[in-house]
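Here is the structure we will look at.
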Amino acid sequence: MILWNEYPILSENFLKQHHDLVLYDVFHQVVAFLLHPPPCHCTDAPCQCDLLQKKISFSLNLDLFNFLQETHEDSEFLSGARLLLNIPQESYFQKNYTQAYPSWLIEKNLNEEEKNFKAVDQLTWALLRLCETYQLSYLRETRTSISESLEVIFGNTPVKTNRHNKLQESHGGEHFYKRQFKRYKSVCHFIAALQFMKKENREPILFSWNQSDRIERFLSLANWFKQKLLLLQTPNAKKKDVFLPEEILPLPSWVVPHEIDIPIEPFEKKLEEINVPFVEYLNSKSA
Ligand SMILES: [Zn+2]
């Protein structure tokens, strides 16, 4: 599977010069993956997901190209941008106008995903923090799990009746989190990076055409999350690795992680709980 656009007709030099456009092109593909995360679970054939992904990134690229046309005079630059962003000639549009995925709908759909993204982000962080907690405990283990992370998020509920399940469901509880995590697993590093930047600052990156430096940071962050997630393990489970490399979308090969150092805080209460036997042992020794 070719994940990221390749630009065979464009020279290395051109791509270096127009790195901003490459960043936007990749970011628009990420947005498409966020709205239709692979692998999809479409039950009705034929699946439209691939096509929808293409339509989404195309509409976003077209918006960018229209902006460039308004703001740039240099025709050589514009024809380069047309090639790089894969913008067809005018006649194409009249023919295909009714098939398009409008950009206002992309924005609307993305906003509607917010609740899902929040759940995925929270569970992703819980997995990372739980692992940190076990590493800092006397066990010194690289260990985490989805079920234990959910326990930390929702508290321990020993009796799981149907009524309880329904309540959880309607309140976006554990089942909702599990379902969303399953659906967005391949893009959860992008979601975590996006949510991280949202907490960090200001306006959204989508539809603002002068923030390529932030897209660069977004990709570095996503890469950082990906590296951390690939280290997560649930030692006693049938499938040890929480994420297999093929379960999480790779980033373009040129993305280099730089200057990212986000502290991962342990869960203090959980840390105390894990350390109880150790503390008891120490106490019995000193008694
Ligand atoms: Zn599908």
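All residue names refer to the structure tokens as shown: chains lettered A, B, ... in order, residues numbered from 1 in each chain, ligands numbered from 1 in order.
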
Using 9 Å as the limit and counting only C-alpha atoms and all ligand atoms, can you tabulate each residue of chain A that touches ligand 1, with its shortest atom-to-atom distance in Å and the two atoms involved, as a tab-separated table?
```
residue	atom	partner	partner_atom_place_in_ligand_line	distance
A:His36	CA	ligand 1	1 (Zn)	7.7
A:Pro37	CA	ligand 1	1 (Zn)	8.9
A:Pro38	CA	ligand 1	1 (Zn)	8.0
A:Pro39	CA	ligand 1	1 (Zn)	7.5
A:Cys40	CA	ligand 1	1 (Zn)	4.6
A:His41	CA	ligand 1	1 (Zn)	5.9
A:Cys42	CA	ligand 1	1 (Zn)	4.3
A:Thr43	CA	ligand 1	1 (Zn)	7.7
A:Asp44	CA	ligand 1	1 (Zn)	8.2
A:Ala45	CA	ligand 1	1 (Zn)	8.1
A:Pro46	CA	ligand 1	1 (Zn)	7.8
A:Cys47	CA	ligand 1	1 (Zn)	4.1
A:Gln48	CA	ligand 1	1 (Zn)	5.4
A:Cys49	CA	ligand 1	1 (Zn)	4.2
A:Asp50	CA	ligand 1	1 (Zn)	7.0
```

Worksheet item: A:Ala287, A:Glu174, A:Pro263, A:Val187: which is nearest Glu247 in chain A, counting only C-alpha atoms?
Response: A:Val187

Discussion item. Please list as a list in words every residue within 9 Å of Leu249 in chain A, counting only C-alpha atoms and excluding residues in the same chain fewer than 3 positions away.
Written reply: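 Using only C-alpha atoms, the neighbours found are Leu3, Pro38, Ser186, Val187, His189, Lys226, Pro245 and Glu246 of chain A.
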
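Neighbouring residues of Cys131 in chain A at 9 Å or closer, counting only C-alpha atoms and skipping chain neighbours under 3 positions away, are Ala126, Leu127, Leu128, Tyr134, Gln135, Leu136, Glu141, Thr142, Arg143, Thr144, Ser145, Leu232, Gln233 and Pro266 of chain A.
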
Would you mind exporting C-alpha atoms of the selected residues as a compact mmCIF listing (two decimals), in the first residue's frame?
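Dumped to part_35.txt:
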```txt
# COMPACT_ATOMS: atom_id res chain seq x y z
CA ALA A 126 -3.88 6.41 30.15
CA LEU A 127 -1.97 3.57 28.43
CA LEU A 128 1.23 5.64 28.44
CA TYR A 134 4.57 0.35 36.50
CA GLN A 135 8.08 1.39 35.50
CA LEU A 136 8.38 3.64 38.52
CA GLU A 141 7.96 -3.41 34.58
CA THR A 142 7.12 -2.16 31.10
CA ARG A 143 3.49 -2.97 31.47
CA THR A 144 0.12 -1.50 30.64
CA SER A 145 -3.25 -2.69 29.40
CA LEU A 232 3.69 -0.65 25.23
CA GLN A 233 3.17 -4.21 26.36
CA PRO A 266 2.55 8.32 36.61
```
